[in-house]
Amino acid sequence: MARIAVIGAGAGAMAAAARLAVAGHRVVVCERETTYGGALGRFEREGFGFDTGPALLHLPAVYRDLFVKTGREPLESVLTLTQVDPASHHVFPDGTAVSLPNASRGGVLTALDGALGAGAGERWSAFLGRARDAWDATRRPLLEEPLWAEWQVLGRDPYPAVRRRGLFGRGKGPTTATLAETARRELSDPRLIALLESHAMAYGFDPRAVPASAAVLPYMEQTFGTWYPAGGMRALADALHARCVARGVEFRFGAPVERIVVADGRAAGVVTADGEVTEAEHVIAGVTPEALAGLVPGGAPWEASDAPAGPPPGPVPARMTVALALRGARPDGAAHRTVVHTDDRAAELAAVFGGGGAPAARPTVTVLRPDDPATRPDDAHEAVTLTATVAAPGPGGLAAADAEALAERMTERAEAAVPGLRERLLWREVLPPTAEARLPGPALAGGGGRFLRPANRTRIPGLHAVGGWSHPGGGPAHAGMSGAIVAGLIVNGEDWHGST
């Protein structure tokens, strides 16, 4: 039995902690905040409740596997998961609207043909077929296995781009392209392009810079479904924490780690701000690469030949959240998730990825209206959450006046999804983004490896990285996979190559 110190109590860190505790190790989690969950936060006021991080779950099999492997109670015995149907409703600038059914490729094709015109569904379906090829080619190395030592091979984009016609009718071979270029060439309809690019934006990716392999993001959602836990995504964090506690994991809250102890060339424990030393044979760090570099001697704990140890190229955006308390019941048939698309994508991309400046005047806004009693004081009220991807603010955060102005614009745009919103509004709480709430996004193949995440192994024996800022990247499902990989490396040894 080894002693293991975990830095941070996010989803990935708790996933690793639970698995390691079941394997017989003594696990201590040191969390600087007063609670667990990391990005899976919740804001509550006057009987209303709102998720402040990811609001929907994709690939629930990741957590089903975790709960099966860590005890007799399956996930559904401690958490009620419901498929969201329709998975999403989209409102485009020209007034066109379409509802996309959950996990039904044929249903999506029919819906797009009916709303956007004949042929739209087939173009989207063909695009997702190519995305499936990219998914099949990279699923294991990007999701189920430790990052390969020869990670450079993942720098090639697996997306099978459509062959282009050359001079005199001869076909040119597929060429590498960004997601935006691929969308223009293969989808053509600006509404389909907006649909695709909204998936990239939701994960914090600039579609003009990210490789075409980002096509796996809508493929993953439309193939494996969109799920909502009763009580919101915070309920998933509650279930993870309870499972850890039941398996003997010790949590220390309000205990920021100031230093990782390295002795005889390997990780040997952590020192918290109060000076307490926790000795350990293994240390798992669920923090950003920049934060981890500040905790160990010599800076970043990856070799120069490893995958890039920092965030992907360009600014990493954040999530702006606005909580709305409404009088009046949630209408029957209201979509759980509506995306109100911007009518000026160029301006939005410049505002989010242009390196600072004012937020977009007309951002793409996601409107979340869960049919969940846990979100409202009674059935005569409704809780609505608005989110938008915005440029991450500096250390001082977004100025209050700018945050309020952006919230006002988001509320105005949300009226396309919630008719009569202003008349129903009781109060609005603005939850501006912080520098710590950036969107790391999942790891992607292509782009020369620039969109991979730092390896879970480090140059310091006994020190591992876990969570959204390490392999295989951000999002609840990917964080859970990260925890599984780290636990596998510790239990099975550093030569472990992943699931079989």
# chains A, B, ... in the order shown; residues from 1 in each chain; ligands from 1

call {"tool": "select_by_dssp", "arguments": {"residues": "segment 123-349 of chain A", "states": "helix (DSSP H, G or I)", "output": "VMD selection string"}}
result
chain A and resid 123 to 144 151 to 155 167 to 169 179 to 186 190 to 202 212 to 224 234 to 246 289 to 293 345 to 349

call {"tool": "residues_around", "arguments": {"residues": "segment 34-41 of chain A", "least_positions_apart": "5", "cutoff": "9 Å", "atoms": "only C-alpha atoms", "output": "PyMOL selection string"}}
result
chain A and resi 8-11+14+50-55+233-238+240-241+251-255+437+476

call {"tool": "atom_distance", "arguments": {"atom1": "atom CA of Val283 of chain A", "atom2": "atom CA of Ala2 of chain A"}}
result
10.7 Å

call {"tool": "residues_around", "arguments": {"residues": "Ala351 of chain A", "least_positions_apart": "5", "cutoff": "12 Å", "atoms": "only C-alpha atoms", "output": "list in words"}}
result
Asp206, Pro315, Pro317, Asp344, Arg345, Ala346, Gly356, Gly357, Ala358, Pro359, Ala360, Ala361, Arg362, Pro363, Thr364, Ala388, Thr389, Val390, Ala391, Ala392 and Pro393 of chain A

call {"tool": "residues_around", "arguments": {"residues": "Val277 of chain A", "least_positions_apart": "4", "cutoff": "10 Å", "atoms": "only C-alpha atoms", "output": "PyMOL selection string"}}
result
chain A and resi 257+259-261+268-273

call {"tool": "select_by_dssp", "arguments": {"residues": "segment 345-473 of chain A", "states": "strand (DSSP E)", "output": "list in words"}}
result
Val365, Thr366, Val367, Leu368, His381, Glu382, Ala383, Val384, Thr385, Leu386, Thr387, Ala388, Thr389, Val390, Leu425, Leu426, Trp427, Arg428, Glu429, Val430, Leu431, Leu463, His464 and Ala465 of chain A

call {"tool": "residues_around", "arguments": {"residues": "segment 86-94 of chain A", "least_positions_apart": "3", "cutoff": "8 Å", "atoms": "only C-alpha atoms", "output": "list in words"}}
result
Gln83, Ala97, Val98, Ser99, Leu100, Pro101, Asn102, Ala103, Arg191, Leu195, Gly225, Thr226, Ala335, His336, Arg337, Thr338, Val339, Val340, His341, Thr342, Asp343, Ala416 and Ala417 of chain A
